[in-house]
>>> print(open('coords-v5.cif').read())   # mmCIF, C-alpha atoms and all ligand atoms
data_upload
loop_
_atom_site.label_atom_id
_atom_site.label_comp_id
_atom_site.auth_asym_id
_atom_site.auth_seq_id
_atom_site.Cartn_x
_atom_site.Cartn_y
_atom_site.Cartn_z
CA MET A 1 33.14 -7.32 35.95
CA SER A 2 29.39 -7.04 36.18
CA GLU A 3 27.29 -9.55 34.30
CA CYS A 4 23.58 -10.29 34.12
CA LEU A 5 21.16 -12.21 32.00
CA ILE A 6 17.90 -10.55 31.00
CA ARG A 7 15.25 -13.09 30.01
CA GLY A 8 11.99 -12.54 28.15
CA ARG A 9 10.42 -12.57 24.71
CA LEU A 10 13.13 -10.98 22.60
CA LEU A 11 12.46 -8.74 19.60
CA THR A 12 15.21 -6.88 17.77
CA PHE A 13 15.48 -5.64 14.19
CA LEU A 14 18.18 -6.41 11.66
CA ASP A 15 16.80 -4.21 8.90
CA GLU A 16 13.78 -2.20 7.84
CA PRO A 17 10.81 -4.57 7.38
CA LYS A 18 9.47 -4.38 3.83
CA GLY A 19 6.14 -5.84 4.89
CA ILE A 20 4.38 -7.75 7.62
CA ASP A 21 5.83 -11.07 6.31
CA ASP A 22 9.42 -9.87 6.02
CA THR A 23 10.56 -12.02 8.93
CA ALA A 24 14.20 -11.74 7.84
CA ALA A 25 14.12 -8.11 9.01
CA TRP A 26 13.73 -8.97 12.68
CA ARG A 27 14.71 -11.58 15.22
CA TYR A 28 12.07 -12.88 17.61
CA GLU A 29 12.72 -15.45 20.35
CA GLU A 30 9.75 -16.65 22.38
CA ASP A 31 12.16 -17.70 25.14
CA GLY A 32 14.92 -15.20 24.57
CA ALA A 33 17.67 -13.61 26.58
CA VAL A 34 20.31 -10.93 26.48
CA LEU A 35 23.64 -11.48 28.21
CA VAL A 36 25.00 -8.17 29.45
CA ARG A 37 28.54 -7.55 30.65
CA ASP A 38 29.88 -4.19 31.80
CA GLY A 39 27.08 -2.27 30.11
CA LYS A 40 27.34 -4.00 26.74
CA VAL A 41 25.46 -6.81 25.05
CA VAL A 42 27.66 -9.92 24.94
CA GLU A 43 25.07 -11.77 22.87
CA SER A 44 21.32 -12.07 22.51
CA GLY A 45 19.08 -14.82 21.18
CA ASP A 46 17.55 -18.09 22.31
CA HIS A 47 17.66 -18.38 26.10
CA ALA A 48 19.25 -21.83 26.24
CA ALA A 49 22.09 -20.78 23.95
CA ILE A 50 22.68 -17.48 25.73
CA ARG A 51 22.57 -19.24 29.08
CA ARG A 52 25.50 -21.45 28.02
CA LEU A 53 27.58 -18.32 27.34
CA ALA A 54 26.93 -16.92 30.81
CA GLY A 55 29.29 -17.48 33.68
CA PRO A 56 28.20 -19.62 36.62
CA GLY A 57 25.93 -17.87 39.09
CA VAL A 58 25.12 -15.00 36.77
CA PRO A 59 22.15 -13.02 38.13
CA VAL A 60 19.01 -13.34 36.04
CA ALA A 61 16.24 -10.79 35.58
CA ASP A 62 13.37 -12.90 34.35
CA HIS A 63 10.86 -10.69 32.57
CA ARG A 64 8.75 -13.43 30.99
CA PRO A 65 6.13 -13.06 29.56
CA HIS A 66 7.09 -9.50 28.70
CA LEU A 67 8.83 -8.39 25.51
CA ILE A 68 12.48 -7.30 25.56
CA LEU A 69 13.50 -4.75 22.95
CA PRO A 70 16.30 -2.25 22.43
CA GLY A 71 15.64 1.03 24.28
CA LEU A 72 13.46 3.47 22.35
CA ILE A 73 14.97 6.52 20.63
CA ASP A 74 13.41 10.00 20.30
CA THR A 75 15.06 12.14 17.61
CA HIS A 76 13.62 15.58 18.43
CA LEU A 77 12.27 17.23 21.55
CA HIS A 78 12.80 20.28 23.73
CA PHE A 79 14.10 19.84 27.25
CA PRO A 80 13.04 23.37 28.42
CA GLN A 81 9.47 22.70 27.27
CA THR A 82 8.83 19.94 29.80
CA GLN A 83 6.42 22.28 31.61
CA ALA A 84 5.01 23.81 28.42
CA ILE A 85 3.18 20.67 27.22
CA ALA A 86 -0.56 21.30 26.87
CA SER A 87 -0.36 25.06 26.27
CA TYR A 88 -3.75 25.93 24.83
CA GLY A 89 -5.11 27.25 21.63
CA ALA A 90 -2.32 28.59 19.42
CA GLN A 91 -0.53 27.65 16.23
CA LEU A 92 3.25 27.65 15.95
CA LEU A 93 4.34 31.33 15.98
CA GLU A 94 1.77 32.48 18.53
CA TRP A 95 2.47 29.39 20.66
CA LEU A 96 6.21 30.14 20.66
CA ASN A 97 5.70 33.78 21.65
CA THR A 98 2.94 33.21 24.18
CA TYR A 99 4.20 30.15 25.98
CA VAL A 100 7.58 28.81 24.93
CA PHE A 101 9.63 32.00 24.95
CA VAL A 102 8.30 32.72 28.45
CA GLU A 103 9.09 29.24 29.75
CA GLU A 104 12.58 29.03 28.23
CA GLN A 105 13.68 32.22 30.05
CA LYS A 106 13.61 30.29 33.32
CA PHE A 107 16.57 28.20 32.17
CA ARG A 108 19.04 31.01 32.74
CA ASN A 109 18.86 29.79 36.32
CA ARG A 110 21.04 26.69 36.72
CA ALA A 111 19.06 25.43 39.72
CA HIS A 112 15.84 25.51 37.67
CA ALA A 113 17.56 23.80 34.75
CA ASP A 114 18.92 21.08 37.06
CA PHE A 115 15.49 20.57 38.59
CA VAL A 116 13.77 20.19 35.23
CA ALA A 117 16.57 18.03 33.76
CA GLU A 118 15.94 15.38 36.43
CA ARG A 119 12.19 15.31 35.72
CA PHE A 120 12.82 15.32 31.97
CA LEU A 121 15.10 12.28 32.14
CA ASP A 122 12.78 10.55 34.62
CA GLU A 123 9.99 10.95 32.11
CA LEU A 124 12.05 9.62 29.19
CA ILE A 125 13.07 6.57 31.22
CA ALA A 126 9.50 6.01 32.46
CA ASN A 127 8.48 5.84 28.80
CA GLY A 128 11.24 3.47 27.75
CA THR A 129 13.28 6.08 25.87
CA THR A 130 17.00 5.57 26.48
CA THR A 131 18.40 8.01 23.89
CA ALA A 132 16.95 11.36 22.86
CA VAL A 133 17.99 14.36 20.81
CA ALA A 134 16.98 17.53 22.63
CA TYR A 135 17.17 21.26 22.20
CA CYS A 136 18.23 23.05 25.36
CA SER A 137 17.57 26.78 25.84
CA VAL A 138 19.87 29.56 24.63
CA HIS A 139 21.63 29.50 28.01
CA PRO A 140 24.78 27.37 28.33
CA GLU A 141 23.59 26.59 31.90
CA SER A 142 20.73 24.57 30.43
CA VAL A 143 23.17 22.45 28.42
CA GLU A 144 25.32 21.89 31.48
CA ALA A 145 22.24 20.77 33.42
CA TYR A 146 21.11 18.48 30.60
CA PHE A 147 24.39 16.67 29.97
CA SER A 148 25.31 16.50 33.68
CA ALA A 149 22.01 14.80 34.52
CA ALA A 150 22.35 12.41 31.55
CA GLU A 151 25.93 11.56 32.53
CA ALA A 152 24.88 10.76 36.09
CA ARG A 153 22.44 8.20 34.67
CA GLY A 154 24.85 6.89 32.07
CA MET A 155 22.48 7.73 29.20
CA ARG A 156 23.51 8.20 25.57
CA MET A 157 22.00 11.62 24.85
CA VAL A 158 22.31 14.20 22.10
CA GLY A 159 21.67 17.90 22.70
CA GLY A 160 22.77 21.46 22.30
CA LYS A 161 22.22 25.09 23.10
CA VAL A 162 19.63 26.81 20.91
CA MET A 163 21.12 29.66 18.87
CA MET A 164 18.76 32.65 18.40
CA ASP A 165 19.70 36.24 17.64
CA ARG A 166 16.43 37.82 16.49
CA ASN A 167 12.63 37.62 16.71
CA ALA A 168 12.74 36.43 20.30
CA PRO A 169 12.81 38.27 23.66
CA ASP A 170 16.13 39.93 24.55
CA ALA A 171 16.53 37.52 27.44
CA LEU A 172 16.58 34.63 24.96
CA THR A 173 18.92 35.95 22.30
CA ASP A 174 22.64 35.61 21.79
CA THR A 175 24.63 37.13 18.93
CA PRO A 176 26.40 35.41 16.03
CA GLN A 177 29.69 35.60 17.92
CA ARG A 178 28.30 34.63 21.31
CA GLY A 179 26.29 31.78 19.82
CA TYR A 180 29.47 30.54 18.15
CA ASP A 181 31.69 30.94 21.23
CA GLU A 182 29.24 29.34 23.65
CA THR A 183 28.51 26.45 21.29
CA LYS A 184 32.23 25.90 20.70
CA ARG A 185 32.93 25.79 24.43
CA LEU A 186 30.08 23.34 25.02
CA ILE A 187 31.24 21.08 22.16
CA GLU A 188 34.77 21.04 23.58
CA LYS A 189 33.48 20.16 27.02
CA TRP A 190 30.74 17.67 26.20
CA HIS A 191 30.95 16.17 22.71
CA GLY A 192 32.31 12.62 23.02
CA ARG A 193 32.54 12.81 26.81
CA GLY A 194 31.13 9.49 28.05
CA ARG A 195 27.98 8.93 26.03
CA ALA A 196 27.26 12.60 25.18
CA HIS A 197 26.91 13.89 21.63
CA TYR A 198 26.57 17.56 20.76
CA ALA A 199 24.00 18.97 18.32
CA ILE A 200 24.66 22.42 16.85
CA SER A 201 21.16 23.92 17.18
CA PRO A 202 20.14 27.09 15.33
CA ARG A 203 16.44 27.09 16.28
CA PHE A 204 15.09 28.00 12.82
CA ALA A 205 15.54 30.58 10.09
CA ILE A 206 13.14 33.06 11.72
CA THR A 207 15.19 33.40 14.91
CA SER A 208 18.64 33.51 13.29
CA THR A 209 20.16 36.26 11.17
CA PRO A 210 22.14 35.25 8.07
CA GLU A 211 25.25 36.06 10.11
CA GLN A 212 24.24 33.56 12.78
CA LEU A 213 23.47 30.82 10.26
CA GLU A 214 26.87 31.52 8.71
CA MET A 215 28.52 31.01 12.10
CA ALA A 216 26.52 27.83 12.56
CA GLY A 217 27.88 26.67 9.18
CA VAL A 218 31.43 27.40 10.40
CA LEU A 219 30.76 25.24 13.47
CA VAL A 220 29.44 22.43 11.27
CA ALA A 221 32.58 22.59 9.12
CA GLU A 222 34.83 22.64 12.19
CA HIS A 223 32.96 19.80 13.94
CA PRO A 224 31.73 17.45 11.22
CA ASP A 225 31.03 14.68 13.74
CA CYS A 226 28.58 16.82 15.72
CA TYR A 227 24.90 16.72 14.87
CA VAL A 228 23.02 19.73 13.52
CA GLN A 229 19.35 20.30 14.19
CA THR A 230 16.75 22.88 13.26
CA HIS A 231 13.10 23.21 12.22
CA LEU A 232 11.90 23.28 8.62
CA SER A 233 8.56 23.92 6.94
CA GLU A 234 6.19 23.23 9.82
CA ASN A 235 3.53 25.91 9.35
CA ARG A 236 2.44 28.15 6.45
CA ASP A 237 2.89 31.45 8.34
CA GLU A 238 6.32 30.29 9.45
CA ILE A 239 7.33 29.49 5.86
CA ALA A 240 6.14 32.89 4.60
CA PHE A 241 8.02 34.72 7.38
CA ALA A 242 11.21 32.67 7.00
CA THR A 243 11.40 33.04 3.22
CA SER A 244 10.67 36.81 3.51
CA LEU A 245 13.72 37.12 5.78
CA TYR A 246 15.93 35.35 3.20
CA PRO A 247 14.78 36.75 -0.17
CA GLN A 248 17.80 35.33 -2.01
CA ALA A 249 17.02 31.76 -1.04
CA LYS A 250 15.17 29.56 -3.58
CA ASP A 251 12.94 28.20 -0.82
CA TYR A 252 13.03 27.45 2.93
CA THR A 253 15.38 24.46 2.54
CA ASP A 254 17.77 26.60 0.50
CA ILE A 255 18.20 28.94 3.49
CA TYR A 256 19.90 26.13 5.40
CA ALA A 257 21.63 24.63 2.35
CA GLY A 258 23.06 28.05 1.49
CA HIS A 259 24.75 28.20 4.89
CA GLY A 260 26.38 24.78 4.68
CA LEU A 261 24.06 23.18 7.22
CA LEU A 262 22.66 20.29 5.22
CA THR A 263 24.67 17.13 5.82
CA ASP A 264 23.82 13.56 6.80
CA ARG A 265 24.19 14.66 10.44
CA MET A 266 21.33 17.18 10.04
CA LEU A 267 17.95 16.58 11.69
CA LEU A 268 15.15 18.78 10.33
CA GLY A 269 12.03 18.89 12.47
CA HIS A 270 8.64 18.65 10.70
CA CYS A 271 9.24 19.03 6.89
CA ILE A 272 5.51 19.21 6.14
CA TYR A 273 5.17 21.64 3.22
CA LEU A 274 8.26 20.91 1.13
CA SER A 275 8.38 21.20 -2.67
CA ASP A 276 9.72 18.32 -4.76
CA ARG A 277 12.92 20.28 -5.18
CA GLU A 278 13.34 20.53 -1.42
CA VAL A 279 12.73 16.83 -0.81
CA SER A 280 15.30 16.00 -3.48
CA VAL A 281 17.84 18.29 -1.80
CA LEU A 282 17.28 16.38 1.46
CA ALA A 283 17.75 13.10 -0.41
CA GLU A 284 20.99 14.30 -2.03
CA THR A 285 22.50 15.59 1.19
CA GLY A 286 21.32 12.73 3.42
CA ALA A 287 19.64 15.18 5.82
CA VAL A 288 16.87 13.60 7.89
CA GLY A 289 13.26 14.83 7.99
CA VAL A 290 11.81 14.31 11.46
CA PHE A 291 8.16 13.25 11.67
CA CYS A 292 6.57 14.66 14.86
CA PRO A 293 2.97 13.43 14.71
CA THR A 294 1.57 14.52 18.08
CA SER A 295 3.14 17.96 17.69
CA ASN A 296 1.91 18.43 14.14
CA LEU A 297 -1.63 17.57 15.22
CA PHE A 298 -1.51 19.56 18.46
CA LEU A 299 -0.34 22.81 16.80
CA GLY A 300 -2.59 22.20 13.80
CA SER A 301 0.51 22.24 11.60
CA GLY A 302 -0.25 19.57 9.01
CA LEU A 303 0.44 16.00 7.91
CA PHE A 304 3.91 14.55 7.23
CA ASP A 305 3.99 12.79 3.86
CA ARG A 306 6.20 9.78 4.50
CA ASP A 307 5.64 8.14 1.13
CA ARG A 308 6.93 11.23 -0.62
CA PHE A 309 10.15 11.01 1.41
CA GLU A 310 10.54 7.33 0.59
CA ARG A 311 9.85 7.79 -3.14
CA ALA A 312 12.55 10.47 -3.25
CA GLY A 313 15.00 8.32 -1.30
CA ALA A 314 15.09 10.87 1.54
CA ARG A 315 15.73 9.78 5.12
CA TRP A 316 13.19 10.26 7.90
CA SER A 317 12.87 9.53 11.60
CA VAL A 318 10.20 9.88 14.30
CA ALA A 319 10.07 12.03 17.40
CA THR A 320 7.83 13.35 20.15
CA ASP A 321 8.73 17.08 19.83
CA VAL A 322 7.72 17.68 23.44
CA GLY A 323 6.41 20.36 24.39
CA ALA A 324 4.46 20.93 21.14
CA GLY A 325 4.31 17.15 21.18
CA THR A 326 1.85 16.03 23.80
CA SER A 327 3.51 12.89 25.11
CA PHE A 328 6.95 11.61 26.05
CA SER A 329 5.82 8.14 24.99
CA MET A 330 7.17 6.83 21.70
CA LEU A 331 4.34 4.27 21.78
CA GLU A 332 1.73 7.04 21.88
CA THR A 333 3.74 8.88 19.22
CA MET A 334 3.56 5.87 16.88
CA ASP A 335 -0.17 5.58 17.58
CA GLU A 336 -0.57 9.12 16.21
CA ALA A 337 1.92 8.45 13.40
CA TYR A 338 -0.25 5.55 12.26
CA LYS A 339 -3.33 7.82 12.18
CA VAL A 340 -1.57 10.68 10.38
CA LEU A 341 -0.37 8.30 7.68
CA HIS A 342 -3.74 6.52 7.52
CA LEU A 343 -5.47 9.86 6.84
CA GLN A 344 -3.28 10.14 3.74
CA GLY A 345 -3.88 6.58 2.58
CA GLN A 346 -0.45 5.42 3.85
CA ARG A 347 0.21 2.37 6.00
CA LEU A 348 2.48 1.97 8.99
CA THR A 349 2.79 -1.70 9.91
CA PRO A 350 3.41 -2.54 13.56
CA PHE A 351 6.78 -4.05 12.64
CA ASN A 352 7.70 -0.87 10.85
CA ALA A 353 6.59 1.23 13.82
CA PHE A 354 8.80 -0.76 16.19
CA TYR A 355 11.67 -0.70 13.71
CA ARG A 356 11.38 3.10 13.55
CA MET A 357 11.42 3.58 17.34
CA THR A 358 14.58 1.46 17.59
CA LEU A 359 16.95 0.63 14.72
CA GLY A 360 15.35 3.12 12.30
CA ASN A 361 15.94 6.08 14.59
CA ALA A 362 19.41 4.75 15.49
CA ARG A 363 20.28 4.71 11.77
CA ALA A 364 18.93 8.24 11.35
CA LEU A 365 21.54 9.23 13.96
CA GLY A 366 24.28 7.02 12.49
CA LEU A 367 24.42 5.28 15.89
CA GLU A 368 23.32 1.80 14.84
CA ARG A 369 26.61 0.27 15.97
CA HIS A 370 25.77 1.33 19.53
CA ILE A 371 22.01 1.53 19.99
CA GLY A 372 18.73 0.50 18.38
CA SER A 373 19.34 -3.25 18.35
CA LEU A 374 20.66 -5.99 20.61
CA HIS A 375 23.56 -7.32 18.55
CA ALA A 376 26.78 -8.42 20.24
CA GLY A 377 28.75 -5.35 21.25
CA ALA A 378 25.77 -2.98 21.35
CA ASP A 379 25.14 -0.79 24.39
CA ALA A 380 22.85 -2.64 26.79
CA ASP A 381 20.02 -0.09 26.54
CA ILE A 382 16.90 -2.20 26.82
CA VAL A 383 13.17 -1.73 27.33
CA VAL A 384 10.81 -4.36 28.73
CA LEU A 385 7.24 -3.99 27.48
CA ASP A 386 4.10 -5.39 29.09
CA SER A 387 1.32 -5.80 26.52
CA ARG A 388 -1.28 -6.32 29.24
CA ALA A 389 -0.43 -3.35 31.41
CA LYS A 390 -3.90 -1.81 31.37
CA PRO A 391 -7.16 -3.70 31.89
CA ALA A 392 -8.38 -2.75 28.43
CA MET A 393 -5.11 -3.99 26.90
CA ASP A 394 -5.30 -7.22 28.86
CA PHE A 395 -8.85 -7.77 27.67
CA ARG A 396 -7.92 -7.01 24.05
CA MET A 397 -4.85 -9.26 24.25
CA ARG A 398 -7.08 -12.25 25.00
CA THR A 399 -8.13 -12.26 21.35
CA ALA A 400 -4.68 -11.54 19.88
CA THR A 401 -2.97 -14.47 18.21
CA THR A 402 0.07 -13.00 16.45
CA LEU A 403 3.10 -10.93 17.37
CA ALA A 404 2.00 -8.30 14.83
CA GLU A 405 -1.32 -7.94 16.66
CA GLU A 406 0.40 -7.69 20.02
CA LEU A 407 2.76 -4.97 18.74
CA PHE A 408 -0.14 -3.06 17.27
CA ILE A 409 -2.02 -3.24 20.57
CA LEU A 410 1.07 -1.96 22.39
CA GLN A 411 1.47 0.89 19.91
CA THR A 412 -2.21 1.82 19.87
CA MET A 413 -3.13 1.35 23.53
CA GLY A 414 0.23 1.45 25.32
CA ASP A 415 1.94 4.24 27.24
CA ASP A 416 4.31 4.47 30.21
CA ARG A 417 2.25 1.85 32.03
CA SER A 418 3.41 -0.66 29.42
CA VAL A 419 7.05 -0.05 30.28
CA ALA A 420 7.87 -2.68 32.89
CA GLU A 421 11.59 -2.01 33.11
CA VAL A 422 14.32 -0.03 31.41
CA TYR A 423 18.04 -0.80 31.37
CA VAL A 424 20.59 1.91 30.64
CA ALA A 425 24.01 0.42 29.91
CA GLY A 426 22.83 -2.71 31.70
CA ARG A 427 21.57 -0.92 34.81
CA ALA A 428 17.90 -1.32 35.79
CA MET A 429 16.43 2.17 36.01
CA LYS A 430 12.86 1.67 37.14
CA GLY A 431 13.87 -0.30 40.18
CA LYS A 432 11.48 -3.08 39.31
CA PRO A 433 13.35 -6.35 39.25
CA GLY A 434 12.12 -9.17 37.05
CA LYS A 435 9.09 -11.06 38.17
CA THR A 436 11.11 -13.98 39.46
CA PRO A 437 14.60 -12.67 40.10
CA ALA A 438 16.72 -15.72 40.59
CA ARG A 439 20.17 -17.15 40.31
CA VAL A 440 20.77 -19.60 37.53
CA PRO A 441 21.25 -22.98 39.24
CA GLU A 442 24.88 -24.07 39.13
N1 LIG A 501 10.00 25.95 15.49
C1 LIG A 501 10.93 26.72 16.11
N2 LIG A 501 11.00 26.44 17.42
C2 LIG A 501 10.11 25.47 17.64
C3 LIG A 501 9.72 24.75 18.80
O1 LIG A 501 10.22 24.95 19.91
N3 LIG A 501 8.76 23.80 18.63
C4 LIG A 501 8.19 23.54 17.43
N4 LIG A 501 7.26 22.61 17.32
N5 LIG A 501 8.53 24.22 16.32
C5 LIG A 501 9.48 25.16 16.43
FE FE A 502 10.67 21.12 17.84
#
>>> encode(input="coords-v5.cif", output="structure tokens")
Amino acid sequence: MSECLIRGRLLTFLDEPKGIDDTAAWRYEEDGAVLVRDGKVVESGDHAAIRRLAGPGVPVADHRPHLILPGLIDTHLHFPQTQAIASYGAQLLEWLNTYVFVEEQKFRNRAHADFVAERFLDELIANGTTTAVAYCSVHPESVEAYFSAAEARGMRMVGGKVMMDRNAPDALTDTPQRGYDETKRLIEKWHGRGRAHYAISPRFAITSTPEQLEMAGVLVAEHPDCYVQTHLSENRDEIAFATSLYPQAKDYTDIYAGHGLLTDRMLLGHCIYLSDREVSVLAETGAVGVFCPTSNLFLGSGLFDRDRFERAGARWSVATDVGAGTSFSMLETMDEAYKVLHLQGQRLTPFNAFYRMTLGNARALGLERHIGSLHAGADADIVVLDSRAKPAMDFRMRTATTLAEELFILQTMGDDRSVAEVYVAGRAMKGKPGKTPARVPE
């Protein structure tokens, strides 16, 4: 049995905060602790109480005065685009053709995929992200590399092979049958193995024929506990092209709905230019619109209208969308999310931002029993945040008096330097022990 006590200023959410005063939505302990046993949270709360639950001589990682939160969750990014971040000057379709479809061809080579998978996971961990939902390339080798590397680190990760059978280079296309067969084999091997979850991943309507989307729908029906992910309504040229390829569909959303892809396990990247009808279809099916602020700004795509989603009762989550997204950091992502919403007269409170990066995104994945909060029985995926990591943050923190202010400083000024430590299933991943590692006196 392995046990440890992680001490610091504890913050974990119980529900979505309705406002800055909705203190019932979170739990904050100035002197808090999490007791971890065999990779799971035994209990979290006030340090003195948690300390009494711990066995004698339990090792302590003392992270005071840093904040301890559940590990951050990223609900949409592209593992083969790790080296395509910061590709200059193009909007979506040109960017895909010029940069992404060149880069993704390298992932046919397992050694390359293994090499990038290590850096990709290093980067997630460095930024405090303990669970992510990624697209791999069309090559099954890339999925093998991705899940093997995640398994070696014990991370709870979601991913899948991109399915594409048109409008992409020959070296990046499968066929409806091959896409089905390869996906099926990967699901049978990886889905539910350790902490792996499979996501059936038709890239988007432009790169799949109706036959391929139909096969994707068959996979969804055969594997209802797998995730499904695609892109929807990100860019006006994309929408015109996609709807021209599916003239029978009522609109872009109807292309996916018509192939049985819209369920509450579906993650739809972007969702910028939806009609009211489309948003209501998402609300009815429980499909999740994924807000990718840095990506939407970087590609000049547009602004995600969160309030419209909430008015319609539709679900939404947040994500980096690396490599159109420009940072692996969920803190930097929420900084941009705040600005995108602000431009539209919408508010994102710091409590809501931190809820979204943790429990909110866990709920979007239906994984809230396991991740996104520090309740008893949860996976011990934990991030330790230092609000004074940069000189400018330290200087700004001198005038901060509330937790809300501190969170907003972290979200606005923070990045990987603010991530002091990360625990994956209770194991410290950054190799930085607490400031005063000690044994609890007997
Ligand atoms: N639409 C289809 N593929 C992609 C992709 O890789 N990135 C983004 N941002 N949009 C897409
Ligand atoms: Fe994407």
>>> closest_atom_pairs(input="coords-v5.cif", of="chain A", to="ligand LIG 501 (chain A)", cutoff="9 Å", atoms="all atoms listed in the file", output="tab-separated table")
residue	atom	partner	partner_atom	distance
A:Leu77	CA	A:LIG501	N3	8.0
A:His78	CA	A:LIG501	O1	6.6
A:Gln81	CA	A:LIG501	O1	7.7
A:Leu92	CA	A:LIG501	N5	6.3
A:Leu93	CA	A:LIG501	N1	7.8
A:Trp95	CA	A:LIG501	N3	8.7
A:Leu96	CA	A:LIG501	O1	6.6
A:Val100	CA	A:LIG501	O1	6.9
A:Phe101	CA	A:LIG501	O1	8.7
A:Tyr135	CA	A:LIG501	O1	8.2
A:Arg203	CA	A:LIG501	C1	5.5
A:Phe204	CA	A:LIG501	C1	5.5
A:Ala205	CA	A:LIG501	C1	8.5
A:Ile206	CA	A:LIG501	C1	8.0
A:Thr207	CA	A:LIG501	C1	8.0
A:Thr230	CA	A:LIG501	C1	7.5
A:His231	CA	A:LIG501	N1	5.3
A:Leu232	CA	A:LIG501	N1	7.6
A:Ser233	CA	A:LIG501	N1	8.9
A:Glu234	CA	A:LIG501	N5	7.0
A:Asn235	CA	A:LIG501	N5	8.7
A:Glu238	CA	A:LIG501	N1	8.3
A:Gly269	CA	A:LIG501	N5	7.4
A:His270	CA	A:LIG501	N4	7.8
A:Cys292	CA	A:LIG501	N4	8.4
A:Ser295	CA	A:LIG501	N4	6.2
A:Asn296	CA	A:LIG501	N4	7.5
A:Leu299	CA	A:LIG501	N4	7.6
A:Ser301	CA	A:LIG501	N4	8.9
A:Asp321	CA	A:LIG501	N4	6.2
A:Val322	CA	A:LIG501	N3	7.9
A:Gly323	CA	A:LIG501	N3	7.1
A:Ala324	CA	A:LIG501	N4	5.0
A:Gly325	CA	A:LIG501	N4	7.3
>>> closest_atom_pairs(input="coords-v5.cif", of="region 88-170 of chain A", to="region 21-41 of chain A", cutoff="12 Å", atoms="all atoms listed in the file", output="tab-separated table")
residue	atom	partner	partner_atom	distance
A:Gly154	CA	A:Gly39	CA	9.6
A:Met155	CA	A:Gly39	CA	11.0
A:Arg156	CA	A:Gly39	CA	12.0
>>> residues_around(input="coords-v5.cif", residues="Leu14 (chain A)", least_positions_apart="5", cutoff="12 Å", atoms="all atoms listed in the file", output="MDAnalysis selection string")
chainID A and resid 22:28 70 351:352 354:356 358:360 362:363 368:369 372:375
>>> atom_distance(input="coords-v5.cif", atom1="CA of Ala221 (chain A)", atom2="CA of Asn361 (chain A)")
24.1 Å
>>> atom_distance(input="coords-v5.cif", atom1="CA of Asp74 (chain A)", atom2="CA of Ala132 (chain A)")
4.6 Å
>>> residues_around(input="coords-v5.cif", residues="region 123-129 of chain A", least_positions_apart="6", cutoff="6 Å", atoms="only C-alpha atoms", output="PyMOL selection string")
chain A and resi 71-73+329+383+416+422
>>> write_last_selection(input="coords-v5.cif", atoms="C-alpha atoms", output="PDB file, keeping the file's coordinate frame")
ATOM      1  CA  GLY A  71      15.640   1.030  24.280  1.00  0.00           C
ATOM      2  CA  LEU A  72      13.460   3.470  22.350  1.00  0.00           C
ATOM      3  CA  ILE A  73      14.970   6.520  20.630  1.00  0.00           C
ATOM      4  CA  SER A 329       5.820   8.140  24.990  1.00  0.00           C
ATOM      5  CA  VAL A 383      13.170  -1.730  27.330  1.00  0.00           C
ATOM      6  CA  ASP A 416       4.310   4.470  30.210  1.00  0.00           C
ATOM      7  CA  VAL A 422      14.320  -0.030  31.410  1.00  0.00           C
TER       8      VAL A 422
END
>>> atom_distance(input="coords-v5.cif", atom1="CA of Asp276 (chain A)", atom2="CA of Tyr252 (chain A)")
12.4 Å
>>> closest_residue(input="coords-v5.cif", among="A:Ala242, A:Leu343, A:Met157, A:Met429", to="Val133 (chain A)", atoms="all atoms listed in the file")
A:Met157
>>> closest_residue(input="coords-v5.cif", among="A:Gly19, A:Tyr338, A:Arg110, A:Asp307", to="Ala404 (chain A)", atoms="all atoms listed in the file")
A:Gly19
>>> residues_around(input="coords-v5.cif", residues="Leu348 (chain A)", least_positions_apart="5", cutoff="9 Å", atoms="all atoms listed in the file", output="PyMOL selection string")
chain A and resi 334+337-339+341-342+353
>>> closest_residue(input="coords-v5.cif", among="A:Gly286, A:Gly45, A:Pro202, A:Gly179", to="ligand FE 502 (chain A)", atoms="all atoms listed in the file")
A:Pro202
